[in-house]
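Colleague: Sharing final.txt (compact mmCIF, C-alpha atoms) below.
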```txt
# COMPACT_ATOMS: atom_id res chain seq x y z
CA MET A 14 6.22 -16.26 -19.01
CA ARG A 15 2.83 -16.97 -17.50
CA ILE A 16 2.53 -14.86 -14.33
CA LEU A 17 -0.33 -15.10 -11.85
CA HIS A 18 -0.90 -12.58 -9.06
CA VAL A 19 -3.11 -13.57 -6.11
CA ILE A 20 -4.71 -10.94 -3.89
CA THR A 21 -7.52 -10.64 -1.35
CA SER A 22 -9.61 -7.97 -3.11
CA PHE A 23 -9.52 -4.84 -5.23
CA TYR A 24 -10.56 -2.50 -2.48
CA MET A 25 -8.33 0.57 -2.29
CA GLY A 26 -5.01 -0.23 -0.60
CA GLY A 27 -1.28 -0.28 -1.22
CA ALA A 28 -1.01 -3.93 -2.27
CA GLU A 29 -4.11 -3.71 -4.46
CA THR A 30 -2.91 -0.53 -6.17
CA LEU A 31 0.51 -2.07 -6.70
CA VAL A 32 -0.95 -5.10 -8.49
CA VAL A 33 -3.18 -2.97 -10.73
CA ASN A 34 -0.23 -0.74 -11.63
CA LEU A 35 2.15 -3.63 -12.33
CA ILE A 36 0.05 -5.91 -14.51
CA PRO A 37 -0.20 -3.67 -17.62
CA HIS A 38 3.59 -3.27 -17.59
CA PHE A 39 4.16 -7.03 -17.54
CA HIS A 40 1.64 -7.55 -20.34
CA ALA A 41 3.47 -4.90 -22.39
CA MET A 42 6.68 -6.91 -21.88
CA GLY A 43 5.03 -9.90 -23.58
CA HIS A 44 4.07 -11.93 -20.52
CA GLN A 45 0.72 -13.67 -20.08
CA VAL A 46 -0.69 -12.25 -16.84
CA GLY A 47 -3.65 -13.24 -14.68
CA VAL A 48 -4.89 -12.36 -11.22
CA VAL A 49 -6.90 -14.35 -8.68
CA VAL A 50 -9.05 -12.22 -6.39
CA PHE A 51 -10.60 -13.84 -3.31
CA ASN A 52 -13.23 -11.22 -2.54
CA ALA A 53 -14.39 -10.40 -6.05
CA ILE A 54 -16.70 -7.49 -5.25
CA ARG A 55 -16.47 -5.04 -8.13
CA THR A 56 -14.55 -1.88 -7.26
CA PRO A 57 -13.08 1.12 -9.12
CA LEU A 58 -9.64 -0.53 -8.96
CA MET A 59 -10.97 -3.67 -10.66
CA GLU A 60 -12.57 -1.52 -13.32
CA LYS A 61 -9.27 0.33 -13.81
CA LEU A 62 -7.45 -2.97 -14.39
CA GLU A 63 -10.09 -4.17 -16.85
CA LYS A 64 -9.80 -0.92 -18.78
CA GLU A 65 -6.00 -0.65 -18.81
CA CYS A 66 -5.26 -4.34 -19.41
CA PRO A 67 -8.29 -6.15 -20.87
CA GLU A 68 -5.99 -9.07 -21.78
CA CYS A 69 -5.45 -9.85 -18.08
CA LYS A 70 -7.66 -12.73 -16.98
CA ILE A 71 -9.32 -12.05 -13.62
CA TYR A 72 -10.31 -15.17 -11.69
CA LYS A 73 -13.06 -14.23 -9.22
CA ILE A 74 -13.23 -17.14 -6.80
CA GLY A 75 -15.42 -15.86 -3.96
CA ASN A 76 -16.76 -13.00 -1.87
CA SER A 77 -14.71 -13.30 1.32
CA TYR A 78 -11.07 -13.55 2.41
CA TYR A 79 -11.02 -17.05 3.90
CA ASN A 80 -12.85 -20.10 2.57
CA PRO A 81 -11.56 -23.72 2.50
CA TRP A 82 -12.81 -24.11 -1.08
CA TYR A 83 -10.33 -21.44 -2.20
CA LEU A 84 -7.59 -24.03 -1.81
CA VAL A 85 -9.05 -26.19 -4.59
CA LYS A 86 -10.05 -23.25 -6.78
CA LEU A 87 -6.65 -21.63 -6.47
CA TRP A 88 -4.79 -24.88 -7.16
CA ARG A 89 -6.71 -25.34 -10.42
CA VAL A 90 -5.67 -21.88 -11.60
CA MET A 91 -2.08 -22.03 -10.34
CA ARG A 92 -1.33 -25.10 -12.48
CA GLN A 93 -1.74 -22.96 -15.62
CA TYR A 94 1.10 -20.55 -14.72
CA ASP A 95 4.89 -20.49 -14.32
CA ILE A 96 5.12 -17.87 -11.58
CA VAL A 97 2.58 -17.35 -8.79
CA HIS A 98 3.00 -14.08 -6.91
CA THR A 99 0.90 -13.55 -3.77
CA HIS A 100 -0.01 -10.48 -1.74
CA ASN A 101 -1.61 -10.29 1.73
CA THR A 102 -2.02 -13.00 4.34
CA SER A 103 -4.77 -15.31 3.07
CA PRO A 104 -3.34 -15.61 -0.48
CA GLN A 105 0.09 -16.30 1.05
CA PHE A 106 -1.30 -19.20 3.10
CA PHE A 107 -3.56 -20.69 0.45
CA ALA A 108 -0.90 -20.60 -2.28
CA ALA A 109 1.67 -22.18 0.06
CA LEU A 110 -0.79 -24.98 0.82
CA ALA A 111 -1.88 -25.44 -2.80
CA SER A 112 1.73 -25.77 -3.93
CA GLN A 113 2.04 -28.99 -1.89
CA PHE A 114 -0.31 -30.83 -4.26
CA SER A 115 1.70 -31.55 -7.41
CA CYS A 116 1.72 -27.95 -8.52
CA SER A 117 5.05 -27.18 -10.20
CA VAL A 118 5.09 -23.40 -10.04
CA GLU A 119 7.60 -20.96 -8.61
CA LEU A 120 6.15 -19.08 -5.64
CA VAL A 121 6.87 -15.41 -4.98
CA THR A 122 5.29 -13.19 -2.35
CA THR A 123 5.54 -9.52 -1.45
CA GLU A 124 5.76 -8.49 2.20
CA HIS A 125 3.93 -5.17 2.25
CA ASN A 126 4.51 -4.17 5.88
CA THR A 127 7.27 -3.98 8.47
CA SER A 128 5.09 -5.94 10.91
CA ASN A 129 1.64 -7.46 11.36
CA ARG A 130 -0.68 -8.41 14.19
CA ARG A 131 0.30 -12.09 14.11
CA ARG A 132 3.85 -11.31 15.14
CA VAL A 133 2.72 -9.79 18.44
CA TRP A 134 -0.04 -12.29 19.30
CA LYS A 135 1.37 -14.35 22.18
CA TRP A 136 -1.07 -17.19 21.55
CA TYR A 137 -0.31 -17.48 17.82
CA PRO A 138 1.96 -20.43 16.83
CA ARG A 139 4.78 -18.67 14.99
CA TRP A 140 5.85 -21.88 13.28
CA ILE A 141 2.80 -21.52 11.00
CA ASP A 142 4.13 -18.31 9.48
CA ARG A 143 7.65 -19.66 9.33
CA TRP A 144 6.44 -22.76 7.48
CA MET A 145 4.45 -20.58 5.09
CA TYR A 146 7.35 -18.30 4.16
CA ASN A 147 9.60 -21.31 3.62
CA GLN A 148 7.34 -22.58 0.84
CA TYR A 149 8.31 -19.56 -1.25
CA LYS A 150 11.36 -19.29 -3.48
CA GLN A 151 11.41 -15.50 -3.22
CA VAL A 152 10.05 -13.08 -0.63
CA ILE A 153 10.14 -9.45 -1.76
CA CYS A 154 10.03 -6.80 0.96
CA ILE A 155 9.08 -3.25 0.05
CA SER A 156 11.57 -1.59 2.41
CA ARG A 157 14.87 -2.50 4.03
CA GLN A 158 13.27 -2.28 7.46
CA ALA A 159 10.56 -4.72 6.36
CA GLU A 160 13.30 -7.10 5.17
CA LYS A 161 15.23 -6.77 8.43
CA ASN A 162 12.13 -7.40 10.55
CA LEU A 163 11.02 -10.40 8.48
CA LYS A 164 14.43 -12.04 8.60
CA ALA A 165 14.49 -11.63 12.39
CA PHE A 166 11.03 -13.18 12.62
CA VAL A 167 11.54 -16.09 10.22
CA GLY A 168 15.08 -16.98 11.24
CA HIS A 169 16.55 -19.62 8.93
CA SER A 170 14.77 -19.35 5.59
CA ARG A 171 14.80 -21.45 2.45
CA ALA A 172 13.34 -18.48 0.62
CA GLU A 173 15.54 -15.72 -0.72
CA ILE A 174 14.45 -12.53 1.07
CA THR A 175 15.28 -9.26 -0.68
CA THR A 176 14.02 -5.68 -0.97
CA ILE A 177 12.44 -4.10 -4.04
CA PHE A 178 11.14 -0.63 -3.34
CA ASN A 179 7.61 0.26 -4.38
CA GLY A 180 7.20 2.67 -7.25
CA VAL A 181 4.63 4.89 -8.90
CA ASP A 182 4.42 6.74 -12.21
CA VAL A 183 6.10 9.81 -10.74
CA GLU A 184 5.74 12.07 -13.77
CA ALA A 185 2.06 11.21 -14.22
CA PHE A 186 1.45 12.42 -10.67
CA ARG A 187 3.68 15.45 -11.21
CA GLN A 188 1.85 16.51 -14.39
CA ALA A 189 -1.69 16.12 -12.99
CA LYS A 190 -3.70 19.30 -12.46
CA ALA A 191 -5.45 20.58 -9.37
CA ASN A 192 -9.24 20.32 -9.21
CA LEU A 193 -10.10 23.59 -7.50
CA SER A 194 -13.80 22.71 -7.38
CA LEU A 195 -12.91 20.38 -4.48
CA ARG A 196 -12.20 23.41 -2.33
CA ASN A 197 -15.77 24.70 -2.62
CA GLY A 198 -14.43 28.26 -2.62
CA SER A 199 -12.53 27.80 0.63
CA LYS A 200 -9.10 29.43 1.03
CA ARG A 201 -8.11 27.26 3.98
CA PHE A 202 -4.73 25.49 4.10
CA VAL A 203 -5.63 21.88 3.27
CA ALA A 204 -3.93 18.78 4.68
CA VAL A 205 -4.84 15.49 2.99
CA MET A 206 -4.31 11.84 3.91
CA VAL A 207 -4.95 9.00 1.46
CA ALA A 208 -5.34 5.67 3.29
CA GLY A 209 -7.92 3.02 4.14
CA PHE A 210 -9.80 3.42 7.42
CA ARG A 211 -8.27 0.39 9.12
CA ASP A 212 -6.31 -0.44 12.27
CA GLN A 213 -2.88 0.00 10.71
CA LYS A 214 -3.57 3.64 9.87
CA ASP A 215 -3.76 6.47 12.38
CA GLN A 216 -6.11 9.09 11.01
CA ASP A 217 -7.09 9.70 14.65
CA THR A 218 -3.88 11.63 15.36
CA LEU A 219 -4.35 13.78 12.28
CA ILE A 220 -7.94 14.57 13.22
CA LYS A 221 -6.82 15.50 16.75
CA ALA A 222 -4.11 17.72 15.27
CA MET A 223 -6.78 19.80 13.53
CA ALA A 224 -8.24 20.68 16.93
CA HIS A 225 -4.99 22.56 17.70
CA LEU A 226 -5.19 24.67 14.53
CA ASP A 227 -7.20 27.79 13.74
CA ALA A 228 -10.64 26.83 12.46
CA ASP A 229 -10.62 29.63 9.87
CA GLU A 230 -7.22 28.72 8.45
CA TYR A 231 -7.01 24.91 8.24
CA GLU A 232 -8.98 22.04 6.73
CA LEU A 233 -8.46 18.26 6.50
CA TRP A 234 -9.44 15.84 3.74
CA LEU A 235 -9.48 12.08 4.40
CA VAL A 236 -9.53 9.91 1.27
CA GLY A 237 -10.50 6.28 1.81
CA THR A 238 -13.06 3.90 3.25
CA GLY A 239 -13.00 1.07 5.75
CA GLU A 240 -14.25 -0.47 8.97
CA ARG A 241 -12.98 2.40 11.17
CA GLY A 242 -14.97 5.04 9.32
CA GLY A 243 -17.58 5.23 12.07
CA VAL A 244 -14.92 5.61 14.77
CA LEU A 245 -13.27 8.46 12.89
CA LYS A 246 -16.60 10.20 12.31
CA SER A 247 -17.40 9.95 16.03
CA LEU A 248 -14.02 11.46 16.87
CA MET A 249 -14.65 14.37 14.49
CA GLU A 250 -18.03 15.02 16.10
CA HIS A 251 -16.60 14.77 19.63
CA LEU A 252 -13.99 17.42 18.76
CA GLY A 253 -16.49 19.58 16.89
CA LEU A 254 -14.59 19.35 13.60
CA GLN A 255 -17.42 18.31 11.25
CA ASP A 256 -17.21 21.57 9.30
CA ARG A 257 -13.50 21.27 8.47
CA VAL A 258 -12.75 17.56 8.23
CA ARG A 259 -14.10 16.08 5.01
CA MET A 260 -14.32 12.38 4.19
CA LEU A 261 -14.00 12.11 0.41
CA GLY A 262 -14.53 8.35 0.21
CA GLN A 263 -12.79 6.05 -2.25
CA ARG A 264 -11.50 8.05 -5.19
CA MET A 265 -9.71 7.36 -8.46
CA ASP A 266 -8.59 10.98 -8.97
CA ILE A 267 -5.84 10.84 -6.33
CA PRO A 268 -3.26 12.87 -8.33
CA GLU A 269 -5.73 15.73 -8.78
CA ILE A 270 -6.69 15.65 -5.10
CA LEU A 271 -3.05 15.76 -3.99
CA HIS A 272 -2.37 18.72 -6.27
CA THR A 273 -5.37 20.55 -4.87
CA ALA A 274 -4.31 20.14 -1.24
CA ASP A 275 -1.42 22.06 0.35
CA VAL A 276 0.31 19.36 2.38
CA VAL A 277 0.19 15.55 2.29
CA VAL A 278 0.22 13.58 5.55
CA MET A 279 0.59 9.89 6.36
CA SER A 280 -0.18 9.12 9.99
CA SER A 281 0.26 5.40 10.62
CA HIS A 282 1.13 2.88 13.33
CA PHE A 283 3.40 0.89 10.99
CA GLU A 284 4.09 0.66 7.26
CA GLY A 285 6.03 -1.23 4.65
CA LEU A 286 6.77 1.46 2.12
CA SER A 287 3.60 3.40 1.53
CA LEU A 288 2.59 4.06 -2.07
CA SER A 289 0.69 7.07 -0.74
CA ASN A 290 4.01 8.29 0.59
CA ILE A 291 5.62 8.23 -2.87
CA GLU A 292 2.49 9.60 -4.55
CA GLY A 293 2.36 12.52 -2.11
CA MET A 294 5.99 13.39 -2.74
CA SER A 295 5.58 13.04 -6.50
CA VAL A 296 3.18 15.97 -6.81
CA GLY A 297 5.72 18.38 -5.35
CA LYS A 298 3.92 19.10 -2.09
CA PRO A 299 5.47 18.87 1.39
CA PHE A 300 5.03 15.44 2.96
CA ILE A 301 4.65 14.78 6.71
CA ALA A 302 4.74 11.27 8.20
CA SER A 303 4.73 9.39 11.49
CA ASP A 304 8.22 8.48 12.65
CA VAL A 305 7.66 4.71 12.32
CA ASP A 306 9.32 1.89 10.40
CA GLY A 307 8.65 2.12 6.68
CA LEU A 308 7.64 5.77 6.69
CA ARG A 309 10.87 6.87 8.35
CA GLU A 310 12.99 5.22 5.67
CA MET A 311 11.21 6.98 2.84
CA THR A 312 10.59 10.39 4.44
CA GLN A 313 13.89 11.10 6.19
CA GLY A 314 16.01 13.65 4.38
CA ALA A 315 13.11 14.99 2.36
CA GLY A 316 9.79 15.35 4.20
CA LEU A 317 9.05 15.98 7.86
CA LEU A 318 8.58 13.38 10.61
CA PHE A 319 6.57 13.69 13.81
CA PRO A 320 6.60 11.36 16.85
CA HIS A 321 4.12 8.52 16.49
CA GLY A 322 0.71 9.53 17.86
CA ASP A 323 1.77 13.08 18.83
CA ASP A 324 -1.07 15.27 17.55
CA LYS A 325 0.41 18.49 18.97
CA ALA A 326 3.74 17.95 17.19
CA LEU A 327 1.90 17.18 13.95
CA ALA A 328 -0.16 20.36 14.29
CA GLU A 329 3.02 22.39 14.82
CA LEU A 330 4.58 21.02 11.62
CA ILE A 331 1.47 21.81 9.58
CA LYS A 332 1.46 25.35 11.00
CA LYS A 333 5.16 25.84 10.21
CA LEU A 334 4.58 24.88 6.59
CA HIS A 335 1.64 27.28 6.47
CA ASP A 336 3.59 30.18 7.96
CA ASP A 337 7.03 29.73 6.35
CA GLN A 338 6.95 29.88 2.54
CA LEU A 339 10.68 29.15 2.21
CA LEU A 340 10.39 26.03 4.40
CA TYR A 341 7.34 24.97 2.39
CA LYS A 342 9.23 25.28 -0.93
CA ASN A 343 12.40 23.57 0.34
CA VAL A 344 10.51 20.59 1.75
CA ALA A 345 8.32 20.28 -1.37
CA ASP A 346 11.36 20.34 -3.69
CA ALA A 347 13.22 17.77 -1.58
CA CYS A 348 10.18 15.48 -1.60
CA TYR A 349 9.93 15.54 -5.38
CA ARG A 350 13.65 14.77 -5.75
CA LYS A 351 13.25 11.82 -3.38
CA ALA A 352 10.16 10.54 -5.21
CA LYS A 353 12.03 10.34 -8.52
CA GLN A 354 14.15 7.56 -7.02
CA PHE A 355 11.01 5.41 -6.78
CA ASP A 356 9.65 5.42 -10.32
CA ILE A 357 7.53 2.41 -11.27
CA LYS A 358 9.80 1.53 -14.22
CA LYS A 359 12.60 0.60 -11.81
CA MET A 360 10.25 -1.58 -9.78
CA VAL A 361 8.96 -3.40 -12.88
CA GLU A 362 12.51 -4.11 -14.06
CA ASN A 363 13.47 -5.53 -10.67
CA TYR A 364 10.36 -7.71 -10.42
CA ASN A 365 10.89 -9.01 -13.93
CA ALA A 366 14.49 -9.93 -13.10
CA VAL A 367 13.20 -12.04 -10.17
CA TYR A 368 10.68 -13.80 -12.41
CA GLU A 369 13.27 -14.46 -15.13
CA LYS A 370 15.72 -15.93 -12.62
CA LEU A 371 13.13 -18.27 -11.11
CA ASN A 372 11.78 -19.35 -14.49
CA THR A 373 15.21 -20.36 -15.76
CA ARG A 374 15.63 -22.66 -12.74
CA LYS A 375 12.62 -24.75 -13.74
```
As structure tokens, what does this structure read like?
Modeller:
Amino acid sequence: MRILHVITSFYMGGAETLVVNLIPHFHAMGHQVGVVVFNAIRTPLMEKLEKECPECKIYKIGNSYYNPWYLVKLWRVMRQYDIVHTHNTSPQFFAALASQFSCSVELVTTEHNTSNRRRVWKWYPRWIDRWMYNQYKQVICISRQAEKNLKAFVGHSRAEITTIFNGVDVEAFRQAKANLSLRNGSKRFVAVMVAGFRDQKDQDTLIKAMAHLDADEYELWLVGTGERGGVLKSLMEHLGLQDRVRMLGQRMDIPEILHTADVVVMSSHFEGLSLSNIEGMSVGKPFIASDVDGLREMTQGAGLLFPHGDDKALAELIKKLHDDQLLYKNVADACYRKAKQFDIKKMVENYNAVYEKLNTRK
């Protein structure tokens, strides 16, 4: 089959990482795979894809997320493929529109979150989103809660809406080695969060939690970049935490960083099914997450949950893991067992089954 993925950019994020991880697997299965990227700024993720799957054709059509000309550019590329699989809002809209102009492809999209800002905007005409989703043959949600929420939002749908859980190469993360040079000789108990600095994420609560913990005993690493970086830095300075909250930027050595830290945290306002969640559990470290849709589904029964936005409760959980070695080991072991249910091979098989089914209908 000829499979085309369409995405906004290759900045670090769950959808972007997913696409980069999937494409080499589909090429290895004998498919011809391409990817359209709207904002084609070169990033480490793009370089990773070029290195791991040089056969994948990357169509770089602009340097922003929205541009009317993308409709024409995308249509010209889409005509060359059997399956077009979109990720993120602008590719979803542009592909739905392009498919109206004599473009006989099968449209698939992945819903990466349990919610989005458009669903709560009172002024936003919801029929636009409902029309868009109905142009797709298959909508793949990355958690059951995401599927439930989307079905409630869309109502009657011509698209088949199902769940395929995200996956990572669990054993690759498990076998990675710690990079002790990152600690700079410090013996502090390190909490780490890997996530873009954007509105969906809630690094603020994690930073505030550090203010409740002993300065000599605890340290926080934030891995990522984004528009809220300045806000987070100001919060650190306001709380006097500059010497024990480190911003590591965008990194490609995530497995090594997770192994080097002591506990992995995901503080978020909402999620689909976070890849960082699975990655954190895969390294065999305790995982702590906000008790919100998407994170709850993955973490419950393995890691620890804290009430959304409750920095004191989060600090207490981090301290418990620091003080209680048996609790630390039990939570870490349970997280690894849970992560093994979300190996990337299962996700690839499920995605391929969707593509095969749609292609035989043509």
Colleague: Got a sec: who's within 8 Å of range 197-204 of chain A, counting only C-alpha atoms, leaving out chain neighbours fewer than 3 positions off, as a JSON list (two decimals) with C-alpha atoms, keeping the file's coordinate frame?
Modeller:
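Saved result, selection-v8.json, follows:
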```
[["chain", "number", "residue", "atom", "x", "y", "z"],
["A", 193, "LEU", "CA", -10.10, 23.59, -7.50],
["A", 194, "SER", "CA", -13.80, 22.71, -7.38],
["A", 229, "ASP", "CA", -10.62, 29.63, 9.87],
["A", 230, "GLU", "CA", -7.22, 28.72, 8.45],
["A", 231, "TYR", "CA", -7.01, 24.91, 8.24],
["A", 232, "GLU", "CA", -8.98, 22.04, 6.73],
["A", 233, "LEU", "CA", -8.46, 18.26, 6.50],
["A", 234, "TRP", "CA", -9.44, 15.84, 3.74],
["A", 274, "ALA", "CA", -4.31, 20.14, -1.24],
["A", 275, "ASP", "CA", -1.42, 22.06, 0.35],
["A", 276, "VAL", "CA", 0.31, 19.36, 2.38],
["A", 277, "VAL", "CA", 0.19, 15.55, 2.29],
["A", 278, "VAL", "CA", 0.22, 13.58, 5.55],
["A", 331, "ILE", "CA", 1.47, 21.81, 9.58],
["A", 335, "HIS", "CA", 1.64, 27.28, 6.47]]
```
Colleague: Rounded to one decimal in Å, what is the spacing between CA of Glu124 in chain A and CA of Gln151 in chain A?
Modeller: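 Between CA of Glu124 in chain A and CA of Gln151 in chain A the gap works out to 10.5 Å.
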Colleague: I'd like the neighbourhood of range 323-325 of chain A as an MDAnalysis selection string, where a residue qualifies if any of its atoms comes within 12 Å (using only C-alpha atoms), though same-chain residues fewer than 2 positions away should be ignored.
Modeller: chainID A and resid 215:226 280:282 302:304 318:321 327:332
Colleague: Rank nothing, just name the residue among A:Ile174, A:Leu339, A:Met25, A:Leu31 nearest to Leu58 in chain A, using only C-alpha atoms.
Modeller: A:Met25
Colleague: Could you check how far CA of Leu334 in chain A sits from CA of Ala191 in chain A, in Å to one decimal?
Modeller: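 So the answer is 19.3 Å.
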Colleague: Show me the residues close to (7.5, -10.7, -4.1) - anything with an atom within 10 Å, counting only C-alpha atoms - and format the list as number ranges by chain.
Modeller: A: 18, 97-100, 120-125, 149-155, 174-177, 364, 367-368
Colleague: Given the selection you just returned, output its residues as a file containing C-alpha atoms, formatted as an mmCIF file, keeping the file's coordinate frame.
Modeller:
```
data_model
loop_
_atom_site.group_PDB
_atom_site.id
_atom_site.type_symbol
_atom_site.label_atom_id
_atom_site.label_comp_id
_atom_site.auth_asym_id
_atom_site.auth_seq_id
_atom_site.Cartn_x
_atom_site.Cartn_y
_atom_site.Cartn_z
ATOM 1 C CA HIS A 18 -0.900 -12.580 -9.060
ATOM 2 C CA VAL A 97 2.580 -17.350 -8.790
ATOM 3 C CA HIS A 98 3.000 -14.080 -6.910
ATOM 4 C CA THR A 99 0.900 -13.550 -3.770
ATOM 5 C CA HIS A 100 -0.010 -10.480 -1.740
ATOM 6 C CA LEU A 120 6.150 -19.080 -5.640
ATOM 7 C CA VAL A 121 6.870 -15.410 -4.980
ATOM 8 C CA THR A 122 5.290 -13.190 -2.350
ATOM 9 C CA THR A 123 5.540 -9.520 -1.450
ATOM 10 C CA GLU A 124 5.760 -8.490 2.200
ATOM 11 C CA HIS A 125 3.930 -5.170 2.250
ATOM 12 C CA TYR A 149 8.310 -19.560 -1.250
ATOM 13 C CA LYS A 150 11.360 -19.290 -3.480
ATOM 14 C CA GLN A 151 11.410 -15.500 -3.220
ATOM 15 C CA VAL A 152 10.050 -13.080 -0.630
ATOM 16 C CA ILE A 153 10.140 -9.450 -1.760
ATOM 17 C CA CYS A 154 10.030 -6.800 0.960
ATOM 18 C CA ILE A 155 9.080 -3.250 0.050
ATOM 19 C CA ILE A 174 14.450 -12.530 1.070
ATOM 20 C CA THR A 175 15.280 -9.260 -0.680
ATOM 21 C CA THR A 176 14.020 -5.680 -0.970
ATOM 22 C CA ILE A 177 12.440 -4.100 -4.040
ATOM 23 C CA TYR A 364 10.360 -7.710 -10.420
ATOM 24 C CA VAL A 367 13.200 -12.040 -10.170
ATOM 25 C CA TYR A 368 10.680 -13.800 -12.410
#
```
Colleague: Take CA of Asn372 in chain A and CA of Asp95 in chain A and report the distance between them in Å, one decimal.
Modeller: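 Distance reported for this atom pair: 7.0 Å.
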Colleague: Which residues are near Met14 in chain A? Cut-off 8 Å, all atoms listed in the file, ignore same chain within fewer than 5 positions. Put them as a ChimeraX atom specification.
Modeller: /A:43-45,94-96,372
Colleague: Compare A:Gly307, A:Pro299, A:Gly322, A:Pro37 by their minimum atom-to-atom distance to Tyr349 in chain A, counting only C-alpha atoms, and give me the closest one.
Modeller: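 Ranked by minimum distance to Tyr349 in chain A, first place goes to A:Pro299.
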Colleague: Export range 226-232 of chain A, all heavy atoms, as a CSV table (one decimal), in the first residue's frame; it's the structure right above.
Modeller:
```
chain,number,residue,atom,x,y,z
A,226,LEU,N,9.2,20.6,49.2
A,226,LEU,CA,10.1,19.6,49.4
A,226,LEU,C,11.5,20.2,49.8
A,226,LEU,O,11.9,21.3,49.4
A,226,LEU,CB,10.3,18.7,48.2
A,226,LEU,CG,9.0,17.9,47.8
A,226,LEU,CD1,9.2,17.3,46.4
A,226,LEU,CD2,8.7,16.9,48.8
A,227,ASP,N,12.2,19.4,50.6
A,227,ASP,CA,13.5,19.8,51.1
A,227,ASP,C,14.5,20.2,50.0
A,227,ASP,O,14.7,19.4,49.1
A,227,ASP,CB,14.1,18.7,52.0
A,227,ASP,CG,15.3,19.1,52.8
A,227,ASP,OD1,16.2,19.9,52.2
A,227,ASP,OD2,15.4,18.8,54.0
A,228,ALA,N,15.0,21.4,50.1
A,228,ALA,CA,15.9,21.9,49.0
A,228,ALA,C,17.2,21.0,48.8
A,228,ALA,O,17.7,20.9,47.7
A,228,ALA,CB,16.3,23.3,49.3
A,229,ASP,N,17.6,20.4,49.9
A,229,ASP,CA,18.8,19.6,49.9
A,229,ASP,C,18.6,18.2,49.3
A,229,ASP,O,19.5,17.5,49.0
A,229,ASP,CB,19.5,19.5,51.3
A,229,ASP,CG,20.0,20.8,51.8
A,229,ASP,OD1,20.4,21.6,50.9
A,229,ASP,OD2,19.9,21.1,53.0
A,230,GLU,N,17.3,17.8,49.3
A,230,GLU,CA,17.0,16.4,49.0
A,230,GLU,C,16.4,16.1,47.6
A,230,GLU,O,16.4,15.0,47.1
A,230,GLU,CB,16.0,15.8,50.1
A,230,GLU,CG,16.6,15.7,51.5
A,230,GLU,CD,17.7,14.6,51.6
A,230,GLU,OE1,17.6,13.7,50.8
A,230,GLU,OE2,18.5,14.8,52.5
A,231,TYR,N,15.8,17.2,47.0
A,231,TYR,CA,15.0,17.0,45.8
A,231,TYR,C,15.3,17.9,44.7
A,231,TYR,O,15.7,19.1,44.9
A,231,TYR,CB,13.5,17.2,46.2
A,231,TYR,CG,13.0,16.2,47.2
A,231,TYR,CD1,13.0,16.5,48.6
A,231,TYR,CD2,12.5,14.9,46.8
A,231,TYR,CE1,12.5,15.6,49.5
A,231,TYR,CE2,12.0,14.0,47.7
A,231,TYR,CZ,12.0,14.3,49.1
A,231,TYR,OH,11.6,13.4,50.0
A,232,GLU,N,15.2,17.4,43.5
A,232,GLU,CA,15.5,18.2,42.3
A,232,GLU,C,14.5,17.8,41.2
A,232,GLU,O,14.0,16.7,41.1
A,232,GLU,CB,17.0,17.9,41.8
A,232,GLU,CG,17.5,18.7,40.6
A,232,GLU,CD,18.9,18.4,40.4
A,232,GLU,OE1,19.7,18.2,41.3
A,232,GLU,OE2,19.3,18.3,39.2
```
